[in-house]
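As provided, my_file.txt (compact mmCIF, C-alpha atoms) reads as follows.
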```
# COMPACT_ATOMS: atom_id res chain seq x y z
CA MET H 1 10.00 2.15 -17.51
CA PHE H 2 11.62 -0.11 -14.91
CA THR H 3 8.27 -1.69 -14.06
CA GLN H 4 7.60 -2.42 -17.72
CA LEU H 5 10.78 -4.47 -17.93
CA LEU H 6 9.74 -6.79 -15.14
CA THR H 7 8.49 -10.26 -15.99
CA THR H 8 5.00 -11.18 -14.95
CA THR H 9 6.37 -13.47 -12.25
CA ALA H 10 8.69 -10.81 -10.84
CA ALA H 11 5.87 -8.27 -10.87
CA LEU H 12 3.64 -10.60 -8.93
CA LEU H 13 6.35 -11.15 -6.37
CA LEU H 14 6.91 -7.42 -5.94
CA LEU H 15 3.18 -7.00 -5.50
CA GLY H 16 3.12 -9.68 -2.84
CA GLY H 17 1.48 -12.32 -5.12
CA HIS H 18 2.89 -15.77 -5.98
CA THR H 19 2.95 -18.33 -8.78
CA GLN H 20 2.60 -22.08 -8.48
CA ALA H 21 4.48 -24.76 -10.40
CA GLU H 22 2.34 -26.62 -12.88
CA SER H 23 1.69 -30.22 -11.88
CA ILE H 24 -0.25 -33.30 -12.92
CA THR H 25 -2.42 -34.05 -9.91
CA HIS H 26 -4.09 -37.12 -11.38
CA ALA H 27 -3.62 -39.34 -14.43
CA THR H 28 -5.45 -42.46 -15.54
CA LEU H 29 -6.06 -44.59 -18.61
CA ILE H 30 -9.66 -45.16 -19.72
CA ASN H 31 -10.89 -47.74 -22.22
CA SER H 32 -14.02 -47.96 -24.39
CA LYS H 33 -16.03 -49.39 -21.46
CA ASP H 34 -15.18 -46.30 -19.37
CA GLN H 35 -13.04 -48.47 -17.09
CA THR H 36 -10.34 -46.42 -15.39
CA GLY H 37 -6.94 -47.50 -14.10
CA VAL H 38 -6.41 -49.98 -16.93
CA SER H 39 -2.92 -50.46 -18.33
CA TRP H 40 -3.97 -49.83 -21.94
CA GLY H 41 -6.31 -46.97 -22.73
CA THR H 42 -6.80 -43.28 -23.50
CA LEU H 43 -4.83 -40.99 -21.21
CA VAL H 44 -6.81 -38.45 -19.17
CA VAL H 45 -4.97 -36.09 -16.83
CA THR H 46 -5.86 -33.41 -14.33
CA VAL H 47 -3.35 -30.57 -14.48
CA LYS H 48 -3.02 -27.75 -11.99
CA GLY H 49 -1.83 -24.62 -13.76
CA ASP H 50 0.48 -21.95 -12.39
CA ASP H 51 -2.61 -19.88 -11.66
CA GLY H 52 -3.94 -22.56 -9.32
CA ASN H 53 -6.79 -23.61 -11.60
CA THR H 54 -7.17 -27.23 -12.72
CA THR H 55 -8.12 -28.71 -16.08
CA THR H 56 -9.05 -32.33 -16.75
CA GLY H 57 -8.88 -33.72 -20.25
CA MET H 58 -6.96 -35.74 -22.78
CA VAL H 59 -3.36 -35.17 -23.87
CA CYS H 60 -2.82 -34.31 -27.53
CA ASP H 61 -0.38 -36.54 -29.42
CA ASP H 62 1.26 -33.60 -31.23
CA VAL H 63 5.10 -33.72 -31.01
CA MET H 64 4.81 -36.80 -28.77
CA THR H 65 8.01 -38.79 -28.10
CA ASN H 66 8.81 -42.07 -26.33
CA THR H 67 10.43 -40.14 -23.49
CA THR H 68 7.33 -38.03 -22.96
CA ALA H 69 5.03 -41.06 -23.20
CA ASP H 70 7.17 -42.88 -20.62
CA PHE H 71 6.86 -39.88 -18.26
CA LEU H 72 3.06 -39.94 -18.68
CA CYS H 73 2.86 -43.69 -17.94
CA LYS H 74 4.78 -43.05 -14.72
CA ALA H 75 2.43 -40.19 -13.90
CA ALA H 76 -0.42 -42.71 -14.22
CA GLY H 77 1.24 -45.01 -11.68
CA PHE H 78 3.08 -47.42 -13.97
CA ASP H 79 6.75 -48.29 -14.25
CA SER H 80 7.28 -47.81 -17.97
CA MET H 81 5.70 -47.24 -21.37
CA LYS H 82 5.30 -50.11 -23.84
CA GLN H 83 3.50 -48.29 -26.65
CA TRP H 84 1.83 -45.00 -27.52
CA ILE H 85 -0.46 -44.20 -30.44
CA GLY H 86 -3.09 -41.66 -31.35
CA ILE H 87 -6.76 -42.52 -30.98
CA HIS H 88 -7.02 -42.56 -34.77
CA SER H 89 -4.67 -45.60 -34.90
CA SER H 90 -5.82 -47.34 -31.73
CA PRO H 91 -7.96 -50.48 -31.55
CA LEU H 92 -11.51 -49.49 -30.61
CA GLU H 93 -11.45 -51.23 -27.22
CA TYR H 94 -8.71 -48.91 -25.93
CA ARG H 95 -10.34 -45.64 -26.99
CA LEU H 96 -12.24 -43.30 -24.74
CA SER H 97 -15.39 -42.92 -26.80
CA LEU H 98 -16.27 -39.59 -28.33
CA SER H 99 -19.53 -39.54 -26.37
CA SER H 100 -17.74 -40.17 -23.06
CA TRP H 101 -15.16 -37.49 -23.86
CA THR H 102 -17.99 -35.11 -24.57
CA THR H 103 -20.21 -35.85 -21.55
CA GLN H 104 -17.50 -36.46 -18.95
CA PHE H 105 -14.76 -34.05 -20.03
CA ASP H 106 -16.58 -31.47 -22.14
CA ARG H 107 -14.25 -32.26 -25.08
CA ARG H 108 -11.29 -30.81 -23.24
CA PHE H 109 -7.58 -31.33 -23.76
CA ALA H 110 -5.46 -30.60 -20.71
CA LEU H 111 -2.10 -30.54 -22.48
CA ASP H 112 -0.89 -29.98 -26.03
CA ASP H 113 2.60 -29.97 -27.61
CA LEU H 114 4.03 -31.59 -24.49
CA ARG H 115 7.73 -32.50 -24.46
CA CYS H 116 9.45 -34.03 -21.45
CA GLY H 117 13.15 -34.69 -21.03
CA PRO H 118 14.74 -37.94 -19.84
CA GLY H 119 14.20 -38.51 -16.14
CA ALA H 120 11.43 -35.91 -15.85
CA ARG H 121 9.51 -36.39 -12.58
CA ASN H 122 6.96 -33.59 -12.93
CA LEU H 123 5.95 -30.88 -15.38
CA ASP H 124 8.96 -28.79 -14.34
CA GLY H 125 10.95 -31.17 -16.55
CA CYS H 126 8.62 -30.62 -19.51
CA THR H 127 7.62 -27.86 -21.89
CA HIS H 128 4.37 -27.13 -23.73
CA VAL H 129 3.65 -24.25 -26.09
CA ASN H 130 0.00 -23.71 -25.23
CA PRO H 131 -1.13 -22.93 -21.68
CA VAL H 132 -2.82 -25.62 -19.62
CA GLY H 133 -6.16 -26.35 -21.29
CA GLY H 134 -5.16 -24.55 -24.49
CA HIS H 135 -4.91 -26.63 -27.67
CA ASN H 136 -5.58 -26.91 -31.38
CA CYS H 137 -6.39 -30.66 -31.36
CA GLY H 138 -9.37 -32.81 -32.29
CA TYR H 139 -10.72 -36.02 -30.77
CA TYR H 140 -8.64 -38.32 -32.95
CA GLU H 141 -5.44 -36.67 -31.72
CA GLY H 142 -5.98 -37.88 -28.17
CA MET H 143 -3.22 -40.15 -26.94
CA VAL H 144 -3.61 -43.86 -26.16
CA LEU H 145 -0.99 -45.42 -23.91
CA ARG H 146 -0.03 -48.99 -23.17
CA CYS H 147 1.87 -48.98 -19.90
CA SER H 148 3.47 -51.71 -17.82
CA LYS H 149 4.04 -52.38 -14.15
CA ARG H 150 6.69 -54.77 -12.88
CA MET H 151 5.41 -58.08 -11.56
CA ASP H 152 6.96 -59.66 -8.49
CA LEU H 153 7.59 -63.33 -9.26
CA GLN H 154 9.12 -64.04 -5.86
CA GLY H 155 7.55 -67.09 -4.22
CA MET H 156 5.64 -68.21 -7.31
CA ASN H 157 5.88 -71.73 -8.75
CA VAL H 158 5.81 -72.94 -12.35
CA GLU H 159 3.64 -75.83 -13.52
CA LEU H 160 2.97 -77.23 -17.00
CA GLN H 161 -0.68 -78.22 -17.25
CA LYS H 162 -2.75 -79.94 -19.91
CA GLY H 163 -6.36 -81.05 -20.24
CA ASP H 164 -8.28 -80.33 -17.06
CA GLY H 165 -5.20 -79.31 -15.10
CA VAL H 166 -3.06 -82.45 -15.21
CA ILE H 167 0.58 -81.64 -14.44
CA SER H 168 2.82 -82.89 -17.22
CA ALA H 169 6.24 -82.50 -18.87
CA TYR H 170 4.47 -80.49 -21.58
CA GLY H 171 1.57 -78.11 -21.40
CA THR H 172 0.43 -74.54 -20.81
CA VAL H 173 2.66 -72.64 -18.38
CA VAL H 174 0.80 -71.72 -15.20
CA LEU H 175 2.27 -69.42 -12.53
CA ILE H 176 0.99 -70.30 -9.07
CA GLY H 177 1.33 -68.00 -6.08
CA THR H 178 -0.23 -67.90 -2.64
CA GLN H 179 -2.90 -65.42 -3.74
CA SER H 180 -3.15 -65.88 -7.49
CA ARG H 181 -2.45 -68.08 -10.47
CA GLY H 182 -2.44 -67.40 -14.16
CA LEU H 183 -0.80 -67.71 -17.55
CA VAL H 184 2.29 -66.18 -19.14
CA CYS H 185 2.27 -64.34 -22.48
CA ALA H 186 4.47 -66.13 -25.03
CA ASP H 187 5.48 -62.93 -26.86
CA GLY H 188 9.20 -62.28 -26.60
CA VAL H 189 10.08 -65.45 -24.71
CA ASP H 190 13.51 -66.75 -25.82
CA ALA H 191 15.20 -70.15 -25.52
CA GLY H 192 17.07 -69.17 -22.35
CA THR H 193 13.88 -68.13 -20.56
CA ALA H 194 12.05 -71.25 -21.78
CA LYS H 195 14.84 -73.48 -20.46
CA PHE H 196 14.83 -71.72 -17.08
CA LEU H 197 11.05 -72.10 -16.75
CA CYS H 198 11.42 -75.83 -17.54
CA GLN H 199 14.00 -76.07 -14.76
CA GLU H 200 11.68 -74.22 -12.38
CA ALA H 201 9.01 -76.80 -13.26
CA GLY H 202 11.40 -79.61 -12.23
CA TYR H 203 12.92 -80.58 -15.57
CA ASP H 204 16.41 -80.31 -16.99
CA HIS H 205 15.94 -78.65 -20.37
CA VAL H 206 13.42 -77.44 -22.91
CA VAL H 207 12.45 -79.46 -25.96
CA GLY H 208 10.20 -76.80 -27.48
CA TYR H 209 8.19 -73.67 -26.72
CA ASN H 210 5.40 -71.85 -28.50
CA ALA H 211 2.16 -69.92 -28.11
CA THR H 212 -0.70 -72.20 -27.09
CA LYS H 213 -2.63 -71.39 -30.28
CA ASN H 214 0.17 -72.99 -32.33
CA VAL H 215 0.06 -76.31 -30.47
CA GLY H 216 -1.67 -78.88 -32.67
CA SER H 217 -3.22 -81.23 -30.13
CA SER H 218 -5.82 -79.76 -27.80
CA SER H 219 -5.04 -82.49 -25.26
CA SER H 220 -1.50 -81.13 -24.95
CA ARG H 221 -2.62 -77.80 -23.46
CA LEU H 222 -4.86 -76.54 -20.68
CA ASP H 223 -8.41 -76.69 -21.96
CA CYS H 224 -10.75 -73.73 -22.23
CA ASP H 225 -13.40 -75.09 -19.84
CA THR H 226 -10.82 -75.51 -17.07
CA MET H 227 -9.50 -71.98 -17.55
CA ARG H 228 -13.05 -70.64 -17.41
CA ASP H 229 -13.95 -72.67 -14.30
CA TRP H 230 -10.76 -71.57 -12.53
CA ASP H 231 -11.07 -67.98 -13.82
CA ILE H 232 -7.55 -68.18 -15.25
CA SER H 233 -6.18 -65.56 -17.63
CA VAL H 234 -2.82 -64.16 -18.67
CA ILE H 235 -1.29 -62.39 -15.67
CA ALA H 236 2.33 -61.88 -16.80
CA GLU H 237 4.02 -60.64 -19.95
CA ALA H 238 7.51 -59.75 -21.14
CA ILE H 239 9.02 -62.41 -18.87
CA ASN H 240 12.79 -62.65 -19.14
CA CYS H 241 15.19 -64.91 -17.25
CA THR H 242 18.89 -64.27 -17.77
CA SER H 243 21.87 -66.58 -17.32
CA ASN H 244 22.30 -65.06 -13.85
CA SER H 245 18.82 -66.14 -12.72
CA THR H 246 18.89 -68.79 -10.00
CA LYS H 247 15.23 -68.58 -8.94
CA LEU H 248 12.02 -67.36 -10.50
CA GLY H 249 12.16 -64.18 -8.44
CA ASP H 250 15.33 -63.21 -10.32
CA CYS H 251 13.39 -63.05 -13.61
CA SER H 252 11.76 -59.84 -14.76
CA ALA H 253 8.15 -59.61 -15.92
CA SER H 254 5.35 -57.11 -16.27
CA ILE H 255 1.77 -57.39 -15.12
CA ALA H 256 -0.32 -58.25 -18.19
CA SER H 257 -1.61 -55.16 -19.97
CA GLY H 258 -4.31 -56.84 -22.04
CA GLY H 259 -2.35 -57.43 -25.24
CA CYS H 260 -2.24 -61.21 -24.70
CA ASP H 261 -5.05 -63.68 -24.14
CA ALA H 262 -5.20 -67.43 -23.48
CA ASP H 263 -4.48 -68.16 -27.14
CA ASP H 264 -1.17 -66.33 -26.81
CA ALA H 265 -0.22 -68.05 -23.53
CA LEU H 266 3.16 -69.77 -23.30
CA TRP H 267 3.34 -73.52 -23.90
CA LEU H 268 6.41 -75.60 -23.03
CA SER H 269 7.67 -79.10 -23.64
CA CYS H 270 10.39 -80.13 -21.19
CA GLU H 271 12.51 -83.20 -20.47
CA ARG H 272 14.69 -84.63 -17.80
CA GLY H 273 18.20 -85.69 -18.79
CA SER H 274 20.49 -84.25 -21.42
CA GLU H 275 19.35 -81.86 -24.11
CA TRP H 276 21.71 -83.69 -26.48
CA GLU H 277 20.79 -87.01 -28.04
CA LEU H 278 23.05 -89.66 -29.54
CA THR H 279 22.18 -90.05 -33.24
CA ASN H 280 25.08 -92.16 -34.56
CA LEU H 281 27.99 -94.30 -33.37
CA TYR H 282 30.60 -96.13 -35.42
CA LEU H 283 34.11 -97.56 -35.16
CA ALA H 284 36.84 -95.86 -37.21
CA TYR H 285 40.50 -96.55 -38.03
CA ASN H 286 43.23 -95.34 -40.38
CA ALA H 287 46.71 -96.25 -41.53
CA ALA H 288 49.44 -94.34 -39.72
CA GLY H 289 50.56 -91.36 -41.79
CA ASP H 290 47.29 -91.18 -43.76
CA HIS H 291 45.01 -88.57 -42.28
CA SER H 292 42.59 -88.17 -45.20
CA ILE H 293 38.96 -88.36 -44.14
CA TYR H 294 38.20 -90.04 -47.48
CA THR H 295 40.29 -93.14 -46.80
CA VAL H 296 39.44 -93.64 -43.14
CA GLY H 297 38.02 -97.08 -42.41
CA ARG H 298 34.67 -97.37 -40.67
CA GLY H 299 31.87 -99.84 -40.13
CA GLY H 300 34.03 -102.80 -39.09
CA ARG H 301 34.33 -104.80 -35.90
CA PHE H 302 37.11 -102.66 -34.43
CA GLY H 303 38.21 -99.04 -34.22
CA THR H 304 38.09 -95.86 -32.19
CA VAL H 305 34.54 -95.01 -31.13
CA VAL H 306 33.20 -91.94 -32.99
CA VAL H 307 29.80 -90.50 -32.09
CA THR H 308 27.42 -87.90 -33.51
CA VAL H 309 25.12 -86.01 -31.15
CA ARG H 310 22.29 -83.60 -31.92
CA ASN H 311 20.90 -80.77 -29.83
CA LYS H 312 17.15 -81.37 -29.46
CA ILE H 313 16.44 -77.65 -29.31
CA THR H 314 18.65 -76.07 -31.96
CA GLY H 315 19.24 -79.08 -34.21
CA GLU H 316 23.01 -78.53 -34.03
CA GLU H 317 25.06 -81.68 -34.68
CA ARG H 318 28.55 -82.49 -33.44
CA THR H 319 30.76 -85.44 -34.34
CA GLY H 320 33.78 -86.48 -32.32
CA LEU H 321 35.22 -88.71 -29.64
CA THR H 322 33.80 -90.11 -26.42
CA PRO H 323 35.82 -90.82 -23.25
CA TYR H 324 36.98 -94.31 -22.28
CA THR H 325 34.41 -96.11 -20.13
CA GLY H 326 34.74 -98.90 -17.63
CA SER H 327 31.08 -99.88 -17.99
CA ALA H 328 30.61 -103.34 -19.53
CA TYR H 329 26.95 -102.47 -20.24
CA THR H 330 28.01 -99.40 -22.24
CA ARG H 331 30.68 -101.28 -24.20
CA SER H 332 28.30 -104.10 -25.18
CA SER H 333 25.67 -101.48 -26.22
CA MET H 334 28.27 -99.76 -28.41
CA CYS H 335 28.89 -103.01 -30.25
CA SER H 336 25.16 -103.54 -30.63
CA MET H 337 24.79 -100.08 -32.17
CA THR H 338 27.38 -101.00 -34.81
CA GLY H 339 25.58 -104.22 -35.66
CA TYR H 340 27.52 -106.71 -33.54
CA THR H 341 26.25 -108.49 -30.44
CA ASN H 342 29.45 -109.00 -28.48
CA ARG H 343 28.44 -108.91 -24.85
CA TYR H 344 32.04 -108.84 -23.72
CA PRO H 345 34.04 -107.05 -26.43
CA THR H 346 37.76 -106.43 -26.27
CA TYR H 347 38.47 -102.85 -25.31
CA ARG H 348 41.44 -100.54 -24.83
CA ARG H 349 42.17 -96.88 -24.53
CA THR H 350 43.12 -95.60 -27.98
CA GLY H 351 46.46 -94.37 -26.68
CA GLN H 352 47.40 -97.88 -25.50
CA ILE H 353 47.28 -99.35 -29.01
CA ASN H 354 50.27 -99.19 -31.39
CA GLU H 355 50.02 -96.42 -33.97
CA ASN H 356 50.84 -98.90 -36.77
CA SER H 357 48.08 -101.35 -35.84
CA ASP H 358 45.61 -100.02 -38.43
CA THR H 359 42.85 -100.72 -35.88
CA LYS H 360 42.28 -97.24 -34.48
CA LEU H 361 42.37 -93.55 -35.33
CA THR H 362 45.99 -92.52 -34.94
CA CYS H 363 47.20 -89.49 -33.04
CA GLY H 364 48.17 -87.87 -36.35
CA PHE H 365 44.69 -88.33 -37.79
CA ILE H 366 43.01 -86.93 -34.67
CA LEU H 367 45.30 -83.88 -34.58
CA GLU H 368 45.22 -83.12 -38.32
CA ASN H 369 41.44 -83.32 -38.42
CA ARG H 370 41.05 -81.42 -35.14
CA MET H 371 38.84 -84.07 -33.62
CA GLU H 372 37.52 -83.21 -30.16
CA PHE H 373 35.57 -84.99 -27.45
CA VAL H 374 31.88 -84.19 -27.94
CA LEU H 375 30.78 -86.06 -24.80
CA SER H 376 32.12 -85.81 -21.28
CA SER H 377 30.69 -89.23 -20.50
CA LEU H 378 28.52 -91.94 -22.06
CA TRP H 379 26.56 -94.61 -20.27
CA CYS H 380 24.18 -97.18 -21.76
CA PRO H 381 22.03 -99.68 -19.87
CA GLY H 382 23.09 -102.65 -21.98
CA TYR H 383 20.88 -104.66 -24.34
```

Translate the structure described by the file into C-alpha cells.
Amino acid sequence: MFTQLLTTTAALLLLGGHTQAESITHATLINSKDQTGVSWGTLVVTVKGDDGNTTTGMVCDDVMTNTTADFLCKAAGFDSMKQWIGIHSSPLEYRLSLSSWTTQFDRRFALDDLRCGPGARNLDGCTHVNPVGGHNCGYYEGMVLRCSKRMDLQGMNVELQKGDGVISAYGTVVLIGTQSRGLVCADGVDAGTAKFLCQEAGYDHVVGYNATKNVGSSSSRLDCDTMRDWDISVIAEAINCTSNSTKLGDCSASIASGGCDADDALWLSCERGSEWELTNLYLAYNAAGDHSIYTVGRGGRFGTVVVTVRNKITGEERTGLTPYTGSAYTRSSMCSMTGYTNRYPTYRRTGQINENSDTKLTCGFILENRMEFVLSSLWCPGY
C-alpha cells in the first residue's frame, strides 16, 4: 500500500533511478526558403524530455501568450519578442512550408499548450498539459515569431544622403560604422529621435521626417541604383533617442528583423540655426489705462516691438515681446519690416519712456494681457 502511494519520481529515486528536468536544447526560426536563424519565421525547437529523449518540431500556438512568446524568442537567442502569430495568419515568406515540415520534421510538434511565467529562463518556469512531443495540433497552428536583438549604435555616424550618395541637409538616413553601413526603419520614429539624429548629422534641428516612400522628389533621397551597388539595406529598426541621449550610443535600436525595406527607410530634412522662424513684426502702442486689445494702435512709425514666431516643426505660433538690442543693423531691419527705411531710427527701452506718451505699450497693458518675451534675442544683418 505504501509503495502505491509513491509518486513516479519518488519511486524511481527509491529504485536508484533518476529524472531529468525538461529543457529546450535548441531553438531557431525558419522561413519559407528554409533559412534558419532568421529573426522572423516559424519556430522549431528541440526539447529534451524528463526521460532523456529529445523531440524536434514546431510549437503549437494553443493558449499562447506574449510572455510565453517572449520566453521562446529568448530561447532562440534574441532579446525580446516583437510579434507572434499562427502560421494560418502569417505572411507566406515567414512560414515553414508544409513540405519542409513533413520531410525535415516528420510533421512533429515538440510542445503544445505551453505557458511560461514572467522571467522564465527554462522550461522549469513553464507548464504544458501534453508530454513533450504530444499534441492535438495541425500544421496551421504552428507558431510564427518575430523577434528582435538589440543593436549597438556605439561608434556609428549619421549621414543624410541623396542621389548617388551626396551628403546633404536632407536625404535618406544612413548609419555608418567601421564594419557596416545601412538604413534605419522609419516606423515608430518620433520628433525627439528625428531631432537628435539631425544633431548627430551636424545640424541643429529637424524640419521634417518621413518614410522614404513618402518623399515626393526622387532626387531628395538615396537612389535605388546606389543602394544596390553599395549593397545597402535596412539594418536598424525601433530606434529611440530620449532627452537624456548625448551620443548615438545612448539611443536604443534593434537589428532589423525584415519588416522594413528601403521604401520604409527613414528620411530627414534638417537645418542649422533656430527651429523657430520670425513670421511677423510690428510696432504697437496704447493709451495709459486702456488695456483693450481692440483699441491698441499698431502699424505706425513708433511703438513697442511685437513679434510673432512659428515653430517650423509643429506649426505652433507665439506672439510677444523681444529684448532690447544694441545692434544698429537689427534696429534698421525692424523698421524695414514695418515698411519704413530708417537706417538710424530712434530707439529706447520701453521702460524708459513715459507711460502717458501714447507711443508704447504701457506696463498696465503688458501685465493685463499677460504678454511675455517670445525671443531671448534677435539679430538681423541689416538691409

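Note that the spacing between CA of Ser257 in chain H and CA of Leu145 in chain H amounts to 10.5 Å.
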
Select, from H:Val132, H:Asp51, H:Ala75, H:Ile353, the residue with the minimum atom-to-atom distance to Ala27 in chain H, counting only C-alpha atoms.
H:Ala75

Which residues come within 12 Å of range 197-205 of chain H, counting only C-alpha atoms, excluding same-chain residues fewer than 2 positions away, as a count of residues only?
53

Within 9 Å of Asp70 in chain H, counting all atoms listed in the file, which residues qualify if same-chain residues fewer than 2 places away don't, as a VMD selection string?
chain H and resid 65 to 68 72 to 75 79 to 84 147

Would you mind reading off the distance between CA of Leu96 in chain H and CA of Ala69 in chain H, one decimal, in Å?
17.5 Å

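CA of Arg150 in chain H is positioned 24.7 Å from CA of Ser32 in chain H.
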
Do a neighbour search on range 35-41 of chain H at 9 Å with only C-alpha atoms, toss out local chain neighbours closer than 4 positions, and write the hits as a list in words.
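Near range 35-41 of chain H, the qualifying residues are Ala27, Thr28, Leu29, Ile30, Asn31, Cys73, Ala76, Gly77, Phe78, Gln83, Glu93, Tyr94, Arg95, Leu96, Met143, Val144, Leu145, Arg146, Cys147, Ser148, Lys149, Ile255, Ala256, Ser257, Gly258 and Gly259 of chain H.
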
Quick one: residues within 8 Å of range 283-290 of chain H, only C-alpha atoms, excluding same-chain residues fewer than 3 positions away - as a PyMOL selection string?
chain H and resi 295-306+338+355-362+364-365

Determine, counting all atoms listed in the file, which protein, DNA and RNA residues have an atom within 10 Å of an atom of Thr25 in chain H; residues of the same chain fewer than 6 positions away are not included. Present the result as number ranges by chain.
H: 45-48, 54-56, 75-76, 122
